[in-house]
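These notes are about the structure you will find just below.
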Amino acid sequence: MKHIYTLAALTFLFISCGGKEKSVDEILAEGNLENIRAKRTELETQQIALSDQIKLIDEKIESLDDTKKLPLVTTVKAVSENFVHYLELQGSVQTKQNIVIYPETSGILQNVFVKEGQTVSKGQALAKIDDGGLEQQVAQMEIQLALAETTFERQKRLWDQKIGSEIQFLQAKSSYEAQEQSVNQLKSQLAKTTIVAPFSGVIDDIITDQGSVVMPGQSQLIRIVNLKDMYIETEVPENYITDVVEGKQVKVEFPVLGTSVETKIRQASNFINPANRTFKVEVAVPNKEKNIKPNLTAKLRINDYTNENAVLIPLSIISENANGEQYIYAVKNKEANDEGVAERVIIKTGKTQGDIIEVLSGIEAGTEIINEGARSVRDGQTVKVIKY
């Protein structure tokens, strides 16, 4: 019926134009408004008729064409392999033998016996503070001590022979012991005027110059460092407390040096900081070349999880539905012409490392998973797998 109306309209226009079809240019040149409108109606009618015919042709082509217009996708296979997960943290190098030495007595820094960069041994004299005459006092009191000792020994021999009184013996003994304590006390004060190395190491900095007045607990004299016992202390979130334990393997990277070392956790704290819910760990740092310095920034990769038969897939192909469930599309019933059916599979995932993720359930190793095109397919849709 639609085509009959179209044919009638064309016939009417043909008759109205005097039986001879005029071109658009001729109609426009005449300037007749009625004829121009009629010509426009004619062209619109022809356009509709052509569109209907093209649609019929397309439908016929689609019914006769054996080639299907299927979504083109690429796939990857889930693989089973050894999966090593690392917890990545940051810390700085420290050493327990890195101290600034303070004086224990006041006075003038009389001598400094060492230079910066010098290696020293434990107990070696580093500097001397003016003793203010303590040494002479000790010498004088040692003379008095010798006299008190002689007196006591003689009095003791007499007392052993039951000669003399007990009071004389006790007075001599008391005088000798008191003198001995006084000498020891002065020697202890005198020893504080000599600054000695508390451990073997390297003189890193001489802070106070020779001739300066120093005060106990206030004046920094010398910094001494030992680079043998180096370690990194870092804070670990409490949810890793069962995985990050003493003995765990750690890879330590030093970005500034461009080097890395393999080591282990030597101590894991038993205390969780309530302020940030973390616990501390210490990682030993071997330093044979002595190029690792205190406060050097380090990146730690702690092996907190290992699965020798983990099913791994790319992280980018995972989607999530409205219920918060993760899913992927697998290709099922794949035929020889690489056509198959896209099937939505709900999965449960584990840990990630870089751009891969561990799948705990839902798929097995060898499952063919849609990679490129996964966002545009539907569950149950036929797809064609292409290969690069």
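Identifiers in the structure tokens: chain A, B, ... in order shown; residue index from 1 per chain; ligand index from 1 in order shown.
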*Hey, what's within 12 Å of stretch 287-297 of chain A if we count only C-alpha atoms and toss same-chain stuff fewer than 4 positions away? As an NGL selection string, please?*
:A and (89-99 or 201-202 or 204 or 224-234 or 252-263)
Which neighbours of A:Ala191 fall inside 10 Å, counting only C-alpha atoms, when residues of the same chain fewer than 3 positions from it are skipped, and could you give them as an mmCIF file with C-alpha atoms, in the first residue's frame?
```cif
data_model
loop_
_atom_site.group_PDB
_atom_site.id
_atom_site.type_symbol
_atom_site.label_atom_id
_atom_site.label_comp_id
_atom_site.auth_asym_id
_atom_site.auth_seq_id
_atom_site.Cartn_x
_atom_site.Cartn_y
_atom_site.Cartn_z
ATOM 1 C CA GLU A 104 81.802 13.935 81.793
ATOM 2 C CA THR A 105 83.632 16.845 83.382
ATOM 3 C CA LYS A 128 92.167 15.308 76.906
ATOM 4 C CA ILE A 129 90.453 17.894 79.079
ATOM 5 C CA ASP A 131 92.310 18.325 84.845
ATOM 6 C CA LEU A 134 93.748 16.750 89.803
ATOM 7 C CA GLU A 135 96.804 14.783 88.756
ATOM 8 C CA GLN A 185 87.672 8.707 93.850
ATOM 9 C CA LEU A 186 90.207 11.253 92.612
ATOM 10 C CA LYS A 187 91.544 8.770 90.053
ATOM 11 C CA SER A 188 87.989 8.244 88.786
ATOM 12 C CA THR A 194 90.549 11.620 79.108
ATOM 13 C CA ILE A 195 87.996 10.936 76.345
ATOM 14 C CA VAL A 196 88.271 7.338 75.095
#
```
*d(atom CA of A:Phe113, atom CA of A:Leu190) in Å*: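 So the answer is 17.5 Å.
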Per-residue DSSP, stretch 252-366 of chain A, filtered to strand (DSSP E or B), as an mmCIF file with C-alpha atoms, in the first residue's frame:
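File written: states_19.cif
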```
data_model
loop_
_atom_site.group_PDB
_atom_site.id
_atom_site.type_symbol
_atom_site.label_atom_id
_atom_site.label_comp_id
_atom_site.auth_asym_id
_atom_site.auth_seq_id
_atom_site.Cartn_x
_atom_site.Cartn_y
_atom_site.Cartn_z
ATOM 1 C CA VAL A 252 66.919 -4.165 50.008
ATOM 2 C CA GLU A 253 67.413 -1.606 47.234
ATOM 3 C CA PHE A 254 69.437 1.598 47.572
ATOM 4 C CA THR A 259 72.631 -1.444 44.236
ATOM 5 C CA SER A 260 70.645 -4.038 46.145
ATOM 6 C CA VAL A 261 71.391 -6.735 48.717
ATOM 7 C CA GLU A 262 69.637 -9.918 49.819
ATOM 8 C CA THR A 263 69.181 -10.231 53.578
ATOM 9 C CA LYS A 264 66.739 -11.343 56.278
ATOM 10 C CA ILE A 265 64.628 -9.905 59.085
ATOM 11 C CA ARG A 266 66.687 -10.267 62.251
ATOM 12 C CA GLN A 267 64.093 -8.957 64.689
ATOM 13 C CA ALA A 268 60.317 -8.378 64.669
ATOM 14 C CA ASN A 273 51.963 0.977 68.141
ATOM 15 C CA THR A 278 52.159 -0.865 63.096
ATOM 16 C CA PHE A 279 55.014 -2.909 64.500
ATOM 17 C CA LYS A 280 58.743 -2.470 63.922
ATOM 18 C CA VAL A 281 61.137 -4.836 62.225
ATOM 19 C CA GLU A 282 64.917 -4.751 61.938
ATOM 20 C CA VAL A 283 66.632 -5.905 58.767
ATOM 21 C CA ALA A 284 70.369 -6.589 58.877
ATOM 22 C CA VAL A 285 72.406 -4.887 56.136
ATOM 23 C CA THR A 297 67.206 5.806 52.118
ATOM 24 C CA ALA A 298 66.321 2.208 51.269
ATOM 25 C CA LYS A 299 63.408 0.342 49.654
ATOM 26 C CA LEU A 300 62.489 -2.994 51.203
ATOM 27 C CA ARG A 301 60.732 -5.878 49.431
ATOM 28 C CA ILE A 302 59.760 -8.415 52.080
ATOM 29 C CA ASN A 303 58.659 -11.860 50.905
ATOM 30 C CA ASP A 304 55.457 -12.203 52.931
ATOM 31 C CA TYR A 305 53.688 -14.825 50.785
ATOM 32 C CA THR A 306 54.636 -17.647 48.379
ATOM 33 C CA ASN A 307 52.405 -20.034 46.384
ATOM 34 C CA GLU A 308 54.198 -22.566 44.207
ATOM 35 C CA ASN A 309 51.065 -23.434 42.175
ATOM 36 C CA ALA A 310 49.210 -20.135 41.910
ATOM 37 C CA VAL A 311 46.757 -19.433 39.048
ATOM 38 C CA LEU A 312 47.720 -16.023 37.674
ATOM 39 C CA ILE A 313 45.900 -13.675 35.271
ATOM 40 C CA PRO A 314 46.341 -10.017 34.211
ATOM 41 C CA SER A 319 35.548 -6.452 36.279
ATOM 42 C CA GLU A 320 33.202 -6.040 39.224
ATOM 43 C CA GLN A 326 34.765 -9.908 40.652
ATOM 44 C CA TYR A 327 34.352 -11.641 37.311
ATOM 45 C CA ILE A 328 36.057 -12.362 34.003
ATOM 46 C CA TYR A 329 34.856 -13.692 30.636
ATOM 47 C CA ALA A 330 36.076 -17.124 29.579
ATOM 48 C CA VAL A 331 35.718 -18.591 26.090
ATOM 49 C CA LYS A 332 33.801 -21.896 26.122
ATOM 50 C CA GLU A 339 34.513 -19.061 17.394
ATOM 51 C CA GLY A 340 33.270 -19.648 20.902
ATOM 52 C CA VAL A 341 30.841 -18.490 23.564
ATOM 53 C CA ALA A 342 31.708 -15.817 26.132
ATOM 54 C CA GLU A 343 30.851 -17.023 29.631
ATOM 55 C CA ARG A 344 30.913 -14.769 32.678
ATOM 56 C CA VAL A 345 32.782 -16.442 35.551
ATOM 57 C CA ILE A 346 32.727 -15.180 39.149
ATOM 58 C CA ILE A 347 36.189 -15.470 40.687
ATOM 59 C CA LYS A 348 37.830 -14.940 44.062
ATOM 60 C CA THR A 349 41.212 -13.266 44.000
ATOM 61 C CA GLY A 350 44.197 -13.161 46.319
ATOM 62 C CA LYS A 351 47.296 -11.008 46.293
ATOM 63 C CA THR A 352 48.563 -8.824 43.469
ATOM 64 C CA GLN A 353 52.107 -8.216 42.321
ATOM 65 C CA ILE A 356 49.176 -9.776 37.722
ATOM 66 C CA ILE A 357 46.801 -11.151 40.335
ATOM 67 C CA GLU A 358 46.347 -14.527 41.986
ATOM 68 C CA VAL A 359 43.009 -16.320 41.448
ATOM 69 C CA LEU A 360 41.971 -18.459 44.421
ATOM 70 C CA SER A 361 38.791 -19.945 42.948
#
```
*State, in Å with one decimal place, the distance from atom CA of A:Pro103 to atom CA of A:Gln218.*
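Atom CA of A:Gln218 lies 8.1 Å from atom CA of A:Pro103.
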Show me, as a PDB file with N, CA and C atoms, in the first residue's frame, the residues that have an atom within 9 Å of A:Ile207 when counting only C-alpha atoms, minus same-chain residues fewer than 3 positions from it.
```
ATOM      1  N   VAL A 100      77.535  10.511  69.432  1.00  0.00           N
ATOM      2  CA  VAL A 100      78.294  11.742  69.687  1.00  0.00           C
ATOM      3  C   VAL A 100      78.779  11.674  71.130  1.00  0.00           C
ATOM      4  N   SER A 219      78.341  19.963  75.760  1.00  0.00           N
ATOM      5  CA  SER A 219      79.285  20.172  74.659  1.00  0.00           C
ATOM      6  C   SER A 219      79.484  18.876  73.875  1.00  0.00           C
ATOM      7  N   GLN A 220      79.177  18.931  72.591  1.00  0.00           N
ATOM      8  CA  GLN A 220      79.419  17.782  71.715  1.00  0.00           C
ATOM      9  C   GLN A 220      80.882  17.808  71.287  1.00  0.00           C
ATOM     10  N   LEU A 221      81.582  16.699  71.524  1.00  0.00           N
ATOM     11  CA  LEU A 221      83.015  16.670  71.229  1.00  0.00           C
ATOM     12  C   LEU A 221      83.320  15.985  69.894  1.00  0.00           C
ATOM     13  N   ILE A 222      82.979  14.708  69.798  1.00  0.00           N
ATOM     14  CA  ILE A 222      83.397  13.907  68.641  1.00  0.00           C
ATOM     15  C   ILE A 222      82.282  12.932  68.283  1.00  0.00           C
ATOM     16  N   ARG A 223      82.065  12.759  66.969  1.00  0.00           N
ATOM     17  CA  ARG A 223      81.149  11.708  66.507  1.00  0.00           C
ATOM     18  C   ARG A 223      81.984  10.530  66.018  1.00  0.00           C
TER      19      ARG A 223
END
```
Mind the document's chain letters and residue numbers, and return as a PDB file with C-alpha atoms, in the first residue's frame the residues of stretch 84-230 of chain A that DSSP labels helix (DSSP H, G or I).
```
ATOM      1  CA  LEU A 134      93.748  16.750  89.803  1.00  0.00           C
ATOM      2  CA  GLU A 135      96.804  14.783  88.756  1.00  0.00           C
ATOM      3  CA  GLN A 136      98.977  16.538  91.375  1.00  0.00           C
ATOM      4  CA  GLN A 137      96.318  15.937  94.009  1.00  0.00           C
ATOM      5  CA  VAL A 138      96.281  12.265  93.173  1.00  0.00           C
ATOM      6  CA  ALA A 139     100.083  12.122  93.476  1.00  0.00           C
ATOM      7  CA  GLN A 140      99.995  13.780  96.897  1.00  0.00           C
ATOM      8  CA  MET A 141      97.217  11.565  98.172  1.00  0.00           C
ATOM      9  CA  GLU A 142      99.027   8.466  96.940  1.00  0.00           C
ATOM     10  CA  ILE A 143     101.973   9.480  99.169  1.00  0.00           C
ATOM     11  CA  GLN A 144      99.595   9.805 102.098  1.00  0.00           C
ATOM     12  CA  LEU A 145      98.031   6.493 101.137  1.00  0.00           C
ATOM     13  CA  ALA A 146     101.440   4.806 101.174  1.00  0.00           C
ATOM     14  CA  LEU A 147     102.070   6.171 104.657  1.00  0.00           C
ATOM     15  CA  ALA A 148      98.636   5.029 105.872  1.00  0.00           C
ATOM     16  CA  GLU A 149      99.258   1.592 104.398  1.00  0.00           C
ATOM     17  CA  THR A 150     102.638   1.288 106.129  1.00  0.00           C
ATOM     18  CA  THR A 151     101.159   2.396 109.452  1.00  0.00           C
ATOM     19  CA  PHE A 152      98.295  -0.074 109.114  1.00  0.00           C
ATOM     20  CA  GLU A 153     100.619  -2.985 108.262  1.00  0.00           C
ATOM     21  CA  ARG A 154     102.860  -2.299 111.253  1.00  0.00           C
ATOM     22  CA  GLN A 155      99.919  -1.909 113.591  1.00  0.00           C
ATOM     23  CA  LYS A 156      98.479  -5.144 112.232  1.00  0.00           C
ATOM     24  CA  ARG A 157     101.725  -7.045 112.962  1.00  0.00           C
ATOM     25  CA  LEU A 158     101.742  -5.735 116.486  1.00  0.00           C
ATOM     26  CA  TRP A 159      98.090  -6.619 116.981  1.00  0.00           C
ATOM     27  CA  ASP A 160      98.742 -10.114 115.658  1.00  0.00           C
ATOM     28  CA  GLU A 166      92.573  -2.830 119.470  1.00  0.00           C
ATOM     29  CA  ILE A 167      91.628   0.840 119.116  1.00  0.00           C
ATOM     30  CA  GLN A 168      95.028   1.659 117.638  1.00  0.00           C
ATOM     31  CA  PHE A 169      94.696  -1.192 115.165  1.00  0.00           C
ATOM     32  CA  LEU A 170      91.178  -0.158 114.095  1.00  0.00           C
ATOM     33  CA  GLN A 171      92.192   3.508 113.746  1.00  0.00           C
ATOM     34  CA  ALA A 172      95.104   2.564 111.493  1.00  0.00           C
ATOM     35  CA  LYS A 173      92.876   0.324 109.414  1.00  0.00           C
ATOM     36  CA  SER A 174      90.155   2.959 109.079  1.00  0.00           C
ATOM     37  CA  SER A 175      92.674   5.641 108.141  1.00  0.00           C
ATOM     38  CA  TYR A 176      94.182   3.428 105.439  1.00  0.00           C
ATOM     39  CA  GLU A 177      90.802   2.424 103.929  1.00  0.00           C
ATOM     40  CA  ALA A 178      89.532   6.029 103.931  1.00  0.00           C
ATOM     41  CA  GLN A 179      92.722   7.215 102.250  1.00  0.00           C
ATOM     42  CA  GLU A 180      92.452   4.448  99.663  1.00  0.00           C
ATOM     43  CA  GLN A 181      88.837   5.423  98.824  1.00  0.00           C
ATOM     44  CA  SER A 182      89.814   9.075  98.473  1.00  0.00           C
ATOM     45  CA  VAL A 183      92.595   8.174  96.045  1.00  0.00           C
ATOM     46  CA  ASN A 184      90.276   5.957  93.987  1.00  0.00           C
ATOM     47  CA  GLN A 185      87.672   8.707  93.850  1.00  0.00           C
ATOM     48  CA  LEU A 186      90.207  11.253  92.612  1.00  0.00           C
ATOM     49  CA  LYS A 187      91.544   8.770  90.053  1.00  0.00           C
ATOM     50  CA  SER A 188      87.989   8.244  88.786  1.00  0.00           C
ATOM     51  CA  GLN A 189      87.549  11.997  88.383  1.00  0.00           C
ATOM     52  CA  LEU A 190      90.931  12.239  86.685  1.00  0.00           C
ATOM     53  CA  ALA A 191      90.009   9.427  84.256  1.00  0.00           C
TER      54      ALA A 191
END
```
*asked:* Let me make sure I understand: among A:Met215, A:Lys69, A:Asp205, A:Ile386, which one has the smallest atom-to-atom distance to A:Gln118 if we use only C-alpha atoms?
replied: A:Asp205
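Proximity ranking of A:Ile370, A:Ile101, A:Ile203, A:Val24 relative to A:Glu116 places A:Ile203 first, based on only C-alpha atoms.
The spacing separating atom CA of A:Val214 from atom CA of A:Gln124 amounts to 20.2 Å.
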